[in-house]
>>> print(open('input_18.txt').read())   # compact mmCIF, C-alpha atoms
# COMPACT_ATOMS: atom_id res chain seq x y z
CA MET A 296 -130.22 -75.78 129.41
CA ASP A 297 -132.34 -75.56 132.53
CA SER A 298 -132.58 -72.29 134.46
CA LEU A 299 -130.46 -73.52 137.38
CA SER A 300 -127.55 -74.43 135.08
CA GLN A 301 -127.75 -71.10 133.27
CA ALA A 302 -127.89 -69.13 136.51
CA ALA A 303 -124.96 -71.13 137.90
CA LEU A 304 -122.91 -70.57 134.75
CA GLY A 305 -123.65 -66.84 134.82
CA SER A 306 -122.76 -66.65 138.49
CA ALA A 307 -119.50 -68.54 138.01
CA VAL A 308 -118.47 -66.34 135.07
CA GLY A 309 -119.40 -63.22 137.06
CA ILE A 310 -117.20 -64.31 139.96
CA ALA A 311 -114.33 -65.26 137.64
CA VAL A 312 -114.27 -61.82 136.01
CA MET A 313 -115.39 -59.53 138.85
CA GLY A 314 -114.49 -61.50 142.00
CA ARG A 315 -111.38 -59.41 142.70
CA ARG A 316 -113.01 -56.08 141.85
CA THR A 317 -116.24 -56.25 143.81
CA ALA A 318 -117.84 -58.32 146.55
CA VAL A 319 -118.01 -61.97 145.56
CA TRP A 320 -121.69 -62.17 146.52
CA LYS A 321 -122.45 -59.21 144.28
CA ALA A 322 -120.60 -60.72 141.32
CA ALA A 323 -122.42 -64.01 141.90
CA LEU A 324 -125.85 -62.41 142.19
CA ILE A 325 -125.48 -60.15 139.17
CA GLY A 326 -123.99 -63.01 137.18
CA ALA A 327 -126.93 -65.28 138.00
CA ALA A 328 -129.40 -62.55 136.99
CA PHE A 329 -127.78 -61.96 133.62
CA GLY A 330 -127.30 -65.71 133.16
CA THR A 331 -131.07 -66.07 133.33
CA LEU A 332 -131.92 -62.97 131.27
CA PRO A 333 -132.03 -64.46 127.74
CA ASP A 334 -134.53 -67.12 128.82
CA LEU A 335 -137.09 -64.55 129.94
CA ASP A 336 -138.37 -64.68 126.37
CA ALA A 337 -140.18 -67.84 127.46
CA PHE A 338 -142.73 -65.57 129.18
CA ILE A 339 -143.66 -63.88 125.89
CA ASP A 340 -146.89 -65.20 124.39
CA HIS A 341 -146.58 -65.18 120.61
CA GLY A 342 -150.16 -66.29 120.10
CA ASP A 343 -150.07 -70.09 119.91
CA PRO A 344 -147.96 -73.01 121.19
CA ILE A 345 -146.00 -73.54 117.98
CA ARG A 346 -145.01 -69.88 117.78
CA ASN A 347 -144.10 -69.94 121.47
CA MET A 348 -141.87 -72.95 120.89
CA THR A 349 -140.18 -71.85 117.69
CA PHE A 350 -139.66 -68.21 118.68
CA HIS A 351 -138.07 -69.21 121.99
CA ARG A 352 -134.27 -68.92 121.85
CA ALA A 353 -134.58 -66.51 118.94
CA ALA A 354 -133.73 -62.77 119.16
CA SER A 355 -132.95 -63.02 122.88
CA HIS A 356 -130.28 -65.60 122.03
CA SER A 357 -128.70 -63.77 119.10
CA LEU A 358 -124.94 -63.36 119.56
CA PHE A 359 -125.12 -60.17 117.52
CA TYR A 360 -127.97 -58.55 119.46
CA LEU A 361 -126.53 -59.56 122.83
CA THR A 362 -123.19 -58.05 121.87
CA LEU A 363 -124.92 -54.77 121.02
CA LEU A 364 -126.87 -54.87 124.29
CA SER A 365 -123.90 -55.65 126.53
CA PRO A 366 -122.46 -52.08 126.76
CA VAL A 367 -125.85 -50.72 127.86
CA LEU A 368 -126.24 -53.39 130.52
CA ALA A 369 -122.64 -52.90 131.65
CA TRP A 370 -123.12 -49.13 131.99
CA LEU A 371 -126.29 -49.61 134.05
CA THR A 372 -124.64 -52.24 136.22
CA SER A 373 -121.51 -50.21 136.89
CA LYS A 374 -123.60 -47.15 137.72
CA LEU A 375 -126.04 -48.94 140.04
CA SER A 376 -123.30 -50.95 141.77
CA GLY A 377 -121.31 -47.83 142.57
CA GLY A 378 -118.29 -48.73 140.50
CA LYS A 379 -118.30 -46.59 137.34
CA GLN A 380 -114.57 -47.09 137.07
CA ASP A 381 -115.22 -50.79 136.53
CA PHE A 382 -117.31 -50.32 133.39
CA LYS A 383 -114.92 -52.17 131.10
CA HIS A 384 -114.70 -55.07 133.51
CA TRP A 385 -118.49 -55.26 133.83
CA LEU A 386 -118.68 -55.12 130.05
CA ALA A 387 -116.38 -58.13 129.76
CA ALA A 388 -118.29 -60.00 132.47
CA ILE A 389 -121.78 -59.33 131.11
CA TRP A 390 -120.82 -60.05 127.51
CA LEU A 391 -119.23 -63.36 128.55
CA ILE A 392 -122.24 -64.28 130.70
CA LEU A 393 -124.70 -63.67 127.87
CA ILE A 394 -122.59 -65.34 125.19
CA THR A 395 -121.84 -68.43 127.28
CA HIS A 396 -125.59 -68.74 127.97
CA VAL A 397 -126.22 -68.97 124.23
CA LEU A 398 -123.33 -71.35 123.62
CA LEU A 399 -124.54 -73.67 126.37
CA ASP A 400 -128.04 -73.74 124.87
CA PHE A 401 -126.42 -74.44 121.50
CA MET A 402 -125.05 -77.68 122.96
CA THR A 403 -128.60 -79.02 123.45
CA ILE A 404 -130.81 -80.24 120.60
CA TYR A 405 -133.72 -77.80 121.00
CA GLY A 406 -132.64 -75.20 118.44
CA THR A 407 -131.00 -71.84 119.15
CA GLN A 408 -131.31 -69.07 116.56
CA MET A 409 -127.98 -67.64 117.62
CA ALA A 410 -127.03 -66.16 114.24
CA LEU A 411 -129.95 -63.73 113.94
CA PRO A 412 -130.39 -61.36 112.12
CA PHE A 413 -128.22 -63.00 109.46
CA THR A 414 -130.05 -66.32 109.55
CA ASP A 415 -132.87 -67.75 111.65
CA TYR A 416 -131.49 -71.30 111.38
CA PRO A 417 -132.04 -73.12 114.72
CA PHE A 418 -128.63 -74.52 115.67
CA GLY A 419 -128.28 -77.46 118.06
CA VAL A 420 -125.54 -80.00 118.77
CA GLY A 421 -127.45 -82.39 121.02
CA SER A 422 -124.41 -83.58 122.98
CA ILE A 423 -125.97 -82.78 126.35
CA PHE A 424 -129.47 -83.18 127.76
CA ILE A 425 -131.28 -80.07 128.98
CA ILE A 426 -130.65 -81.20 132.59
CA ASP A 427 -127.33 -82.84 133.42
CA PRO A 428 -126.13 -82.86 137.06
CA LEU A 429 -122.54 -83.62 136.08
CA TYR A 430 -122.40 -80.29 134.28
CA THR A 431 -124.17 -78.20 136.92
CA LEU A 432 -122.74 -79.59 140.18
CA PRO A 433 -119.12 -78.43 139.61
CA LEU A 434 -120.39 -74.91 138.96
CA LEU A 435 -122.51 -74.88 142.11
CA CYS A 436 -119.69 -76.26 144.25
CA GLY A 437 -117.26 -73.65 142.94
CA ILE A 438 -119.72 -70.82 143.57
CA ILE A 439 -120.45 -71.98 147.12
CA ALA A 440 -116.75 -72.29 147.86
CA ALA A 441 -116.13 -68.78 146.50
CA LEU A 442 -118.84 -67.39 148.78
CA ILE A 443 -117.56 -69.21 151.87
CA PHE A 444 -113.77 -69.21 151.75
CA TYR A 445 -111.21 -66.46 151.75
CA ARG A 446 -111.35 -64.59 148.45
CA SER A 447 -108.23 -65.88 146.70
CA SER A 448 -108.88 -69.48 147.75
CA GLY A 449 -112.57 -69.22 146.90
CA LEU A 450 -111.84 -67.79 143.47
CA ARG A 451 -109.58 -70.73 142.71
CA TRP A 452 -112.40 -73.12 143.62
CA ASN A 453 -114.75 -71.19 141.34
CA ALA A 454 -112.22 -71.37 138.51
CA LEU A 455 -111.90 -75.11 139.10
CA GLY A 456 -115.68 -75.53 138.90
CA LEU A 457 -115.79 -73.60 135.63
CA SER A 458 -112.93 -75.64 134.23
CA LEU A 459 -114.50 -78.98 135.16
CA SER A 460 -117.86 -78.03 133.65
CA THR A 461 -116.13 -76.91 130.44
CA VAL A 462 -114.12 -80.13 130.25
CA TYR A 463 -117.35 -82.06 130.73
CA LEU A 464 -118.91 -80.22 127.78
CA ALA A 465 -115.90 -81.18 125.68
CA TRP A 466 -116.37 -84.78 126.81
CA THR A 467 -120.00 -84.74 125.64
CA VAL A 468 -118.92 -83.76 122.13
CA ILE A 469 -116.23 -86.46 122.03
CA ALA A 470 -118.65 -89.11 123.32
CA GLN A 471 -121.28 -88.07 120.78
CA TRP A 472 -118.74 -88.23 117.96
CA TYR A 473 -117.63 -91.69 119.10
CA VAL A 474 -121.21 -93.01 119.14
CA GLU A 475 -121.95 -91.39 115.78
CA ASN A 476 -119.09 -93.35 114.23
CA ILE A 477 -120.40 -96.59 115.71
CA VAL A 478 -123.90 -95.81 114.43
CA ASP A 479 -122.68 -94.94 110.94
CA ASP A 480 -120.66 -98.16 110.74
CA TYR A 481 -123.66 -100.20 111.89
CA LEU A 482 -126.01 -98.56 109.39
CA ALA A 483 -123.54 -99.08 106.56
CA GLN A 484 -122.96 -102.74 107.45
CA HIS A 485 -126.71 -103.41 107.55
CA GLN A 486 -127.32 -101.37 104.38
CA VAL A 487 -129.96 -99.18 106.00
CA ASP A 488 -131.16 -96.53 103.57
CA VAL A 489 -130.80 -93.49 105.81
CA GLU A 490 -131.88 -90.02 104.74
CA GLN A 491 -130.98 -88.39 108.06
CA ARG A 492 -129.63 -89.57 111.38
CA LEU A 493 -129.31 -87.97 114.79
CA VAL A 494 -127.46 -89.03 117.95
CA THR A 495 -128.45 -87.24 121.15
CA ALA A 496 -127.80 -87.60 124.87
CA THR A 497 -130.52 -89.22 126.96
CA PRO A 498 -131.82 -87.65 130.20
CA PHE A 499 -129.32 -86.70 132.92
CA ASN A 500 -126.26 -88.48 131.47
CA THR A 501 -123.83 -88.85 128.59
CA LEU A 502 -123.34 -92.62 128.75
CA LEU A 503 -126.57 -93.63 127.02
CA TRP A 504 -127.28 -92.15 123.59
CA ARG A 505 -130.50 -92.13 121.57
CA VAL A 506 -130.20 -92.84 117.85
CA LEU A 507 -132.84 -91.48 115.49
CA VAL A 508 -132.85 -92.27 111.76
CA ILE A 509 -135.15 -91.08 108.99
CA THR A 510 -135.62 -93.56 106.14
CA PRO A 511 -137.80 -93.60 103.01
CA ASP A 512 -140.21 -95.89 104.90
CA GLY A 513 -140.44 -94.03 108.21
CA TYR A 514 -138.17 -93.44 111.16
CA GLY A 515 -136.21 -95.65 113.50
CA GLU A 516 -135.14 -95.33 117.12
CA GLY A 517 -132.41 -97.16 118.98
CA PHE A 518 -130.07 -96.72 121.93
CA TYR A 519 -126.38 -97.25 122.52
CA SER A 520 -124.61 -97.15 125.86
CA LEU A 521 -120.89 -96.61 126.23
CA LEU A 522 -121.08 -99.57 128.65
CA ASP A 523 -122.57 -101.91 126.04
CA LYS A 524 -120.36 -104.96 125.53
CA THR A 525 -120.80 -104.99 121.73
CA PRO A 526 -121.49 -102.17 119.26
CA GLN A 527 -124.94 -103.45 118.28
CA LEU A 528 -128.09 -101.40 117.76
CA ASN A 529 -131.64 -102.61 118.02
CA ILE A 530 -133.42 -100.03 115.87
CA LYS A 531 -137.19 -100.22 115.90
CA MET A 532 -139.00 -98.73 112.90
CA PHE A 533 -142.16 -96.63 112.97
CA PRO A 534 -144.27 -94.89 110.28
CA ARG A 535 -143.90 -91.13 109.74
CA ASN A 536 -147.13 -90.82 107.73
CA GLU A 537 -145.57 -88.38 105.28
CA ALA A 538 -148.71 -88.50 103.13
CA LEU A 539 -150.52 -86.61 105.89
CA PHE A 540 -147.90 -83.86 105.72
CA THR A 541 -148.35 -83.65 101.95
CA ALA A 542 -152.09 -83.33 102.49
CA VAL A 543 -151.65 -80.19 104.59
CA ARG A 544 -148.98 -78.43 102.56
CA GLY A 545 -149.33 -74.71 103.25
CA ASN A 546 -150.46 -75.28 106.84
CA TRP A 547 -148.30 -72.79 108.75
CA GLY A 548 -147.98 -74.84 111.91
CA ALA A 549 -147.00 -78.02 110.09
CA GLU A 550 -144.55 -76.21 107.80
CA ARG A 551 -143.03 -74.34 110.74
CA MET A 552 -142.46 -77.53 112.73
CA ALA A 553 -141.00 -79.32 109.72
CA TRP A 554 -138.50 -76.46 109.38
CA PHE A 555 -137.71 -76.14 113.08
CA THR A 556 -137.09 -79.89 113.50
CA HIS A 557 -134.85 -80.10 110.41
CA GLY A 558 -137.16 -82.81 109.11
CA PHE A 559 -137.14 -84.95 112.25
CA PHE A 560 -140.90 -85.09 112.63
CA LYS A 561 -143.82 -87.46 112.25
CA MET A 562 -147.49 -86.98 111.45
CA SER A 563 -150.39 -88.78 113.11
CA GLU A 564 -154.17 -88.76 113.03
CA ALA A 565 -156.61 -89.46 115.86
CA GLU A 566 -160.29 -88.67 116.28
CA GLY A 567 -160.35 -86.40 113.28
CA LYS A 568 -157.32 -84.38 114.43
CA LEU A 569 -154.02 -84.13 112.61
CA MET A 570 -150.87 -83.84 114.72
CA ILE A 571 -147.20 -83.18 114.09
CA THR A 572 -144.53 -84.37 116.54
CA ASP A 573 -140.94 -83.25 117.07
CA LEU A 574 -139.01 -86.54 117.15
CA ARG A 575 -135.82 -85.03 118.56
CA MET A 576 -137.02 -84.51 122.14
CA GLY A 577 -138.44 -87.45 124.01
CA GLN A 578 -138.58 -91.05 122.89
CA GLU A 579 -141.15 -93.35 121.37
CA PRO A 580 -144.05 -92.97 122.08
CA PHE A 581 -143.64 -90.07 124.53
CA TYR A 582 -142.53 -86.74 123.09
CA SER A 583 -142.23 -83.25 124.52
CA PHE A 584 -143.74 -81.43 121.56
CA THR A 585 -146.79 -82.71 119.71
CA PHE A 586 -149.23 -80.22 118.24
CA VAL A 587 -152.67 -80.49 116.67
CA VAL A 588 -152.47 -78.46 113.44
CA ALA A 589 -155.66 -79.43 111.55
CA GLU A 590 -159.05 -81.06 111.88
CA ARG A 591 -160.87 -83.16 109.33
CA VAL A 592 -163.81 -81.47 107.62
CA GLY A 593 -165.35 -83.86 105.10
CA ASP A 594 -162.55 -85.04 102.85
CA THR A 595 -160.21 -82.16 103.63
CA TRP A 596 -158.07 -80.92 106.49
CA GLN A 597 -158.89 -77.51 107.94
CA GLU A 598 -156.15 -75.56 109.67
CA VAL A 599 -156.83 -74.84 113.36
CA MET A 600 -155.20 -72.94 116.20
CA PRO A 601 -152.35 -75.24 117.27
CA GLU A 602 -152.88 -77.20 120.46
CA HIS A 603 -150.03 -78.68 122.51
CA ILE A 604 -150.50 -82.33 123.46
CA ARG A 605 -148.12 -84.18 125.73
CA GLU A 606 -148.20 -87.65 127.25
CA ASN A 607 -145.65 -88.62 129.88
CA PRO A 608 -144.40 -92.12 130.71
CA ASP A 609 -144.53 -93.64 134.16
CA ILE A 610 -141.52 -91.89 135.76
CA GLU A 611 -140.61 -94.80 138.01
CA LEU A 612 -140.61 -97.24 135.09
CA ALA A 613 -138.71 -94.77 132.89
CA LEU A 614 -135.95 -94.17 135.45
CA ASP A 615 -135.60 -97.90 136.15
CA TRP A 616 -135.22 -98.62 132.41
CA LEU A 617 -132.80 -95.71 132.00
CA GLU A 618 -130.57 -96.96 134.81
CA ARG A 619 -130.53 -100.52 133.47
CA ARG A 620 -129.94 -99.44 129.87
CA ILE A 621 -127.08 -97.12 130.87
CA SER A 622 -125.38 -100.03 132.66
CA GLY A 623 -125.30 -102.03 129.42
CA ASP A 624 -128.42 -104.14 129.90
CA VAL A 625 -129.74 -104.19 126.32
CA ILE A 626 -133.49 -104.12 126.92
CA ASP A 627 -136.31 -102.29 125.20
CA PRO A 628 -138.21 -99.55 127.00
CA PRO A 629 -141.09 -101.20 128.93
CA TRP A 630 -143.75 -99.36 126.91
CA LEU A 631 -142.41 -100.85 123.66
CA VAL A 632 -142.17 -104.45 124.82
CA GLU A 633 -144.52 -106.57 122.74
>>> encode(input="input_18.txt", output="structure tokens")
Amino acid sequence: MDSLSQAALGSAVGIAVMGRRTAVWKAALIGAAFGTLPDLDAFIDHGDPIRNMTFHRAASHSLFYLTLLSPVLAWLTSKLSGGKQDFKHWLAAIWLILITHVLLDFMTIYGTQMALPFTDYPFGVGSIFIIDPLYTLPLLCGIIAALIFYRSSGLRWNALGLSLSTVYLAWTVIAQWYVENIVDDYLAQHQVDVEQRLVTATPFNTLLWRVLVITPDGYGEGFYSLLDKTPQLNIKMFPRNEALFTAVRGNWGAERMAWFTHGFFKMSEAEGKLMITDLRMGQEPFYSFTFVVAERVGDTWQEVMPEHIRENPDIELALDWLERRISGDVIDPPWLVE
């Protein structure tokens, strides 16, 4: 999730655990700091854009490592805050803050290597977009109320904010499951030969869902809104150019992206450059992560230092389409209209 949501979650958990044992502002501030801590790995340069992407949310998001680190952080916090007698409470607070950070990231589709060192598999549910105001606002309101009102009343507001945000997360999973069933029924009825399929939340909401399918002939993209009048999908098909991936077998960047995306990728060629795109984040033809991994030299592809390429849609057009599509107006994105 975005940094604001993670800081708000950490702050709310800090207040919930430590609000009666220390100043509310202190619990909120320390909670926000530790809620942001795991994401500081984003400032580490691993040498190239693909490494930076695929090593983000790795060791710093390991449930095992964070559990081992929590007693050290709790001891330092209790000592510096002048409350050594509260060590066990700080331990509970910090452990919960760090673990809930990881679990919240796990709900997005990016990929969180939360089970290190036992496996580096990048887990991701995809039931919530990286920024979702309906998740973050209850947390912020509860925190503000806790800082303003009398302690017992403020703590109840904070608890309410935490509860509402948690219920909203549960809703995202239920909504995703509901749409997945509709998608599976549609694909079965239309006898679509699907190798993989993915249903993820679209930006800022959990009413409109993006459907991504991998088939033997390429990949397809469609959208379904919970406000649609009929359970119909208009899936548009596109080529994946798998032959290009076969041509660069052994290319570390291409292989790494294929692994990290769980196979939801496409290859493309332009001006003698070979690119691999993560199909999970973004929508056709605009994606968050496209990398140049090779250049043509004669009849062969030569591996190069990966280069991140990103093209963004017209924001005004994109938001207008998003609003209309959420409301149940079954229209194609403006950049795909023929």
>>> atom_distance(input="input_18.txt", atom1="CA of Glu598 in chain A", atom2="CA of Pro344 in chain A")
14.4 Å
>>> residues_around(input="input_18.txt", residues="Phe560 in chain A", least_positions_apart="6", cutoff="7 Å", atoms="all atoms listed in the file", output="compact mmCIF listing (two decimals) with C-alpha atoms, keeping the file's coordinate frame")
# COMPACT_ATOMS: atom_id res chain seq x y z
CA ALA A 553 -141.00 -79.32 109.72
CA ILE A 571 -147.20 -83.18 114.09
CA THR A 572 -144.53 -84.37 116.54
CA ASP A 573 -140.94 -83.25 117.07
CA LEU A 574 -139.01 -86.54 117.15
>>> residues_around(input="input_18.txt", residues="range 608-625 of chain A", least_positions_apart="2", cutoff="12 Å", atoms="all atoms listed in the file", output="ChimeraX atom specification")
/A:496-505,517-530,577-583,605-606,627-632
>>> closest_residue(input="input_18.txt", among="A:Val543, A:Met552, A:Met562, A:Leu432", to="Ala307 in chain A", atoms="all atoms listed in the file")
A:Leu432
>>> atom_distance(input="input_18.txt", atom1="CA of His351 in chain A", atom2="CA of Asp336 in chain A")
6.3 Å
>>> atom_distance(input="input_18.txt", atom1="CA of Gln408 in chain A", atom2="CA of Thr395 in chain A")
14.3 Å
>>> residues_around(input="input_18.txt", residues="Ala323 in chain A", least_positions_apart="6", cutoff="7 Å", atoms="all atoms listed in the file", output="ChimeraX atom specification")
/A:306-307,309-310
>>> closest_residue(input="input_18.txt", among="A:Met402, A:Leu457, A:Ala538, A:Ala388", to="Gln471 in chain A", atoms="all atoms listed in the file")
A:Met402
>>> closest_residue(input="input_18.txt", among="A:Asp343, A:Phe359, A:Val468, A:Lys321", to="Ala441 in chain A", atoms="all atoms listed in the file")
A:Lys321
>>> closest_residue(input="input_18.txt", among="A:Ala369, A:Ala302, A:Leu482, A:Val599", to="His396 in chain A", atoms="only C-alpha atoms")
A:Ala302
>>> axis_aligned_box(input="input_18.txt", around="range 423-439 of chain A", padding_each_side="6 Å", output="AutoDock Vina command-line options")
--center_x -124.3 --center_y -77.2 --center_z 136.7 --size_x 26.0 --size_y 24.8 --size_z 32.8
>>> closest_residue(input="input_18.txt", among="A:Arg591, A:Arg535, A:Phe586, A:Asp512", to="Arg346 in chain A", atoms="only C-alpha atoms")
A:Phe586
>>> residues_near_point(input="input_18.txt", point="(-154.9, -92.5, 113.6)", cutoff="12 Å", atoms="only C-alpha atoms", output="PDB file with C-alpha atoms, keeping the file's coordinate frame")
ATOM      1  CA  PRO A 534    -144.270 -94.890 110.280  1.00  0.00           C
ATOM      2  CA  ARG A 535    -143.900 -91.130 109.740  1.00  0.00           C
ATOM      3  CA  ASN A 536    -147.130 -90.820 107.730  1.00  0.00           C
ATOM      4  CA  LEU A 539    -150.520 -86.610 105.890  1.00  0.00           C
ATOM      5  CA  MET A 562    -147.490 -86.980 111.450  1.00  0.00           C
ATOM      6  CA  SER A 563    -150.390 -88.780 113.110  1.00  0.00           C
ATOM      7  CA  GLU A 564    -154.170 -88.760 113.030  1.00  0.00           C
ATOM      8  CA  ALA A 565    -156.610 -89.460 115.860  1.00  0.00           C
ATOM      9  CA  GLU A 566    -160.290 -88.670 116.280  1.00  0.00           C
ATOM     10  CA  GLY A 567    -160.350 -86.400 113.280  1.00  0.00           C
ATOM     11  CA  LYS A 568    -157.320 -84.380 114.430  1.00  0.00           C
ATOM     12  CA  LEU A 569    -154.020 -84.130 112.610  1.00  0.00           C
ATOM     13  CA  MET A 570    -150.870 -83.840 114.720  1.00  0.00           C
ATOM     14  CA  ARG A 591    -160.870 -83.160 109.330  1.00  0.00           C
TER      15      ARG A 591
END
>>> residues_around(input="input_18.txt", residues="Met296 in chain A", least_positions_apart="6", cutoff="7 Å", atoms="only C-alpha atoms", output="list in words")
Leu399, Asp400, Thr403, Ile425 and Ile426 of chain A
>>> closest_residue(input="input_18.txt", among="A:Ala318, A:Ala353, A:Met600, A:Val587", to="Ser376 in chain A", atoms="only C-alpha atoms")
A:Ala318
>>> residues_around(input="input_18.txt", residues="Ala337 in chain A", least_positions_apart="5", cutoff="9 Å", atoms="only C-alpha atoms", output="count of residues only")
5
